[in-house]
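Engineer: Structure provided below as structure tokens; questions to follow.
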Amino acid sequence: MKFFIDTANIEEIKKGVEMGMVDGVTTNPSLIAKESQPFEEILAGICKIVDGPVSAEVVSLEAAGMVAEGRELAKISDNIVIKVPMIVEGLKATKMLAAEGIKTNVTLVFSANQALLAAKAGAAFVSPFVGRLDDIGVSSMDLISDIVTIYDNYGYQSEIIVASIRSPQHVLDSALLGADIATIPYKVIAQLAKHPLTDKGMEQFLADWEKRAK
Ligand code: E4P
């Protein structure tokens, strides 16, 4: 399973890269707004330290505007992926960008039918948001399971990025269902490494080591 890091913060990305846990990066306008540099500079900085796909989101509401933004963002680096919203105009933009060889990540996906449309439009990546579904009491992992089944049924090549991940359980459930990618905030990546018995075991080993014959 591939791990993307869901942040625009360069320090968090560096920490994830050092752990060997970053196969790509996803950003969105809200994450970009938390940083102090201009959008293009943030993306250029990220692409210098990450080889894998780096998603950059467009903000136009019409396909022509999305395509124009996408073309500009794609010039920043070969690994930029254009994130477009799951609306009809976004599907049109996905098709047009795919025809130009520019990869897209269709975002804000909340139903299996939306994921089906995104795949048919030629999205390289599709991002169902699990945390936001859980927030409104909808079983988000049923959605991931349905998308995996539909893509397998028809051989769609779009990769499923499980997004809006809030906990290690989301990562585990996504992996068990065979999702291609989880995009994870740094805090949750760090949580994945933790177990209280690991800490307790380390403490015991170090205490016993001090008691060894010298
Ligand atoms: C995905 O690409 C989005 O950036 C992200 O996962 C959204 O997560 P949130 O629901 O925690 O904002």
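Ordering of the structure tokens sets the chain letters (A, B, ...), residue numbers begin anew at 1 in every chain, and ligands are numbered from 1 in the order given.
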May I ask you to write as number ranges by chain all residues lying at most 8 Å from ligand 1, with only C-alpha atoms and all ligand atoms counted?

Structural biologist: A: 6-7, 26-28, 30-31, 55, 107-108, 127, 129-132, 161-166, 183-185

Engineer: Create the file for the chosen residues now, containing N, CA and C atoms and written as a tab-separated table (two decimals), in the first residue's frame.

Structural biologist:
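To be explicit, this is the file written out as out.tsv:
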chain	number	residue	atom	x	y	z
A	6	ASP	N	-0.76	13.99	3.83
A	6	ASP	CA	-1.80	14.97	3.55
A	6	ASP	C	-1.47	16.27	4.28
A	7	THR	N	-0.63	17.07	3.67
A	7	THR	CA	-0.18	18.31	4.29
A	7	THR	C	0.53	19.17	3.24
A	26	THR	N	-0.54	15.01	-0.82
A	26	THR	CA	-1.77	15.68	-1.25
A	26	THR	C	-1.88	17.01	-0.50
A	27	THR	N	-2.26	18.04	-1.25
A	27	THR	CA	-2.55	19.33	-0.63
A	27	THR	C	-3.97	19.71	-1.02
A	28	ASN	N	-4.50	20.70	-0.36
A	28	ASN	CA	-5.80	21.27	-0.77
A	28	ASN	C	-5.78	22.75	-0.37
A	30	SER	N	-7.30	24.49	1.79
A	30	SER	CA	-7.29	24.75	3.24
A	30	SER	C	-5.90	24.49	3.82
A	31	LEU	N	-5.25	23.44	3.35
A	31	LEU	CA	-3.89	23.13	3.85
A	31	LEU	C	-2.90	24.19	3.37
A	55	SER	N	-0.23	16.34	-5.31
A	55	SER	CA	-1.51	16.90	-5.78
A	55	SER	C	-1.64	18.37	-5.44
A	107	THR	N	-11.28	14.93	-6.48
A	107	THR	CA	-11.39	15.05	-5.02
A	107	THR	C	-12.83	15.34	-4.60
A	108	LEU	N	-13.07	15.23	-3.28
A	108	LEU	CA	-14.40	15.44	-2.71
A	108	LEU	C	-15.39	14.41	-3.23
A	127	SER	N	-10.27	10.41	-4.98
A	127	SER	CA	-10.14	10.58	-3.52
A	127	SER	C	-11.47	10.57	-2.79
A	129	PHE	N	-13.50	10.67	0.61
A	129	PHE	CA	-13.18	11.28	1.91
A	129	PHE	C	-13.88	10.50	3.03
A	130	VAL	N	-13.15	9.71	3.78
A	130	VAL	CA	-13.80	8.87	4.79
A	130	VAL	C	-14.16	9.61	6.08
A	131	GLY	N	-13.25	10.45	6.57
A	131	GLY	CA	-13.52	11.14	7.85
A	131	GLY	C	-14.76	12.01	7.79
A	132	ARG	N	-14.92	12.72	6.66
A	132	ARG	CA	-16.07	13.62	6.56
A	132	ARG	C	-17.38	12.83	6.46
A	161	ILE	N	-7.33	6.79	-3.64
A	161	ILE	CA	-6.64	7.43	-2.51
A	161	ILE	C	-7.66	7.61	-1.40
A	162	VAL	N	-7.55	6.85	-0.34
A	162	VAL	CA	-8.46	7.07	0.80
A	162	VAL	C	-8.00	8.35	1.49
A	163	ALA	N	-8.91	9.33	1.53
A	163	ALA	CA	-8.58	10.67	2.04
A	163	ALA	C	-9.44	11.00	3.26
A	164	SER	N	-9.11	12.15	3.86
A	164	SER	CA	-9.82	12.59	5.08
A	164	SER	C	-9.66	11.53	6.17
A	165	ILE	N	-8.44	11.03	6.28
A	165	ILE	CA	-8.13	10.00	7.29
A	165	ILE	C	-7.89	10.67	8.64
A	166	ARG	N	-8.53	10.14	9.67
A	166	ARG	CA	-8.44	10.76	10.99
A	166	ARG	C	-7.77	9.87	12.04
A	183	THR	N	-3.96	8.68	2.06
A	183	THR	CA	-3.27	9.95	2.28
A	183	THR	C	-3.54	10.37	3.72
A	184	ILE	N	-2.44	10.53	4.47
A	184	ILE	CA	-2.52	10.53	5.93
A	184	ILE	C	-1.85	11.79	6.50
A	185	PRO	N	-2.50	12.45	7.46
A	185	PRO	CA	-1.80	13.57	8.13
A	185	PRO	C	-0.59	13.03	8.90

Engineer: For Ile76 of chain A, find every residue with an atom within 9 Å (counting only C-alpha atoms), except residues of its own chain fewer than 2 positions away, and show them as a PyMOL selection string.

Structural biologist: chain A and resi 40+43-44+47+72-74+78-80

Engineer: Step one, run DSSP on the backbone; step two, keep only residues of segment 33-81 of chain A assigned to strand (DSSP E); then write them as an MDAnalysis selection string.

Structural biologist: chainID A and resid 54:57 80:81

Engineer: For Ile49 of chain A, list every protein, DNA or RNA residue within 12 Å, evaluated using only C-alpha atoms, and leave out those in the same chain fewer than 4 positions away; present the list as number ranges by chain.

Structural biologist: A: 10-18, 22-25, 42-45, 53-54, 77, 79

Engineer: With C-alpha atoms retained, write the just-selected residues as a short mmCIF file (atom, residue, chain, number, x, y, z; two decimals), in the first residue's frame.

Structural biologist:
data_model
loop_
_atom_site.label_atom_id
_atom_site.label_comp_id
_atom_site.auth_asym_id
_atom_site.auth_seq_id
_atom_site.Cartn_x
_atom_site.Cartn_y
_atom_site.Cartn_z
CA ILE A 10 7.43 21.15 4.40
CA GLU A 11 8.71 20.21 7.87
CA GLU A 12 6.04 17.51 8.26
CA ILE A 13 6.83 16.23 4.77
CA LYS A 14 10.56 16.07 5.60
CA LYS A 15 9.80 14.08 8.78
CA GLY A 16 7.62 11.64 6.83
CA VAL A 17 10.29 11.25 4.13
CA GLU A 18 12.95 10.51 6.78
CA VAL A 22 6.02 9.21 1.90
CA ASP A 23 5.20 7.90 -1.58
CA GLY A 24 3.42 11.13 -2.53
CA VAL A 25 1.74 14.27 -1.17
CA ILE A 42 5.20 25.60 -1.64
CA LEU A 43 4.66 23.12 -4.48
CA ALA A 44 8.14 23.65 -5.91
CA GLY A 45 9.62 23.06 -2.44
CA PRO A 53 2.81 12.39 -7.13
CA VAL A 54 2.13 15.79 -5.53
CA SER A 77 7.32 19.76 -11.93
CA ASN A 79 5.24 14.93 -10.57
#

Engineer: Can you measure atom CA of Ala98 of chain A to atom CA of Thr149 of chain A for me? One decimal in Å is fine.

Structural biologist: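 That distance, rounded to one decimal, is 23.6 Å.
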
Engineer: Would you please give, as an MDAnalysis selection string, all residues of segment 16-192 of chain A that DSSP assigns to alpha helix (DSSP H) based on the backbone?

Structural biologist: chainID A and resid 16:18 29:33 39:49 63:74 88:99 112:121 130:135 140:154 168:177 186:192
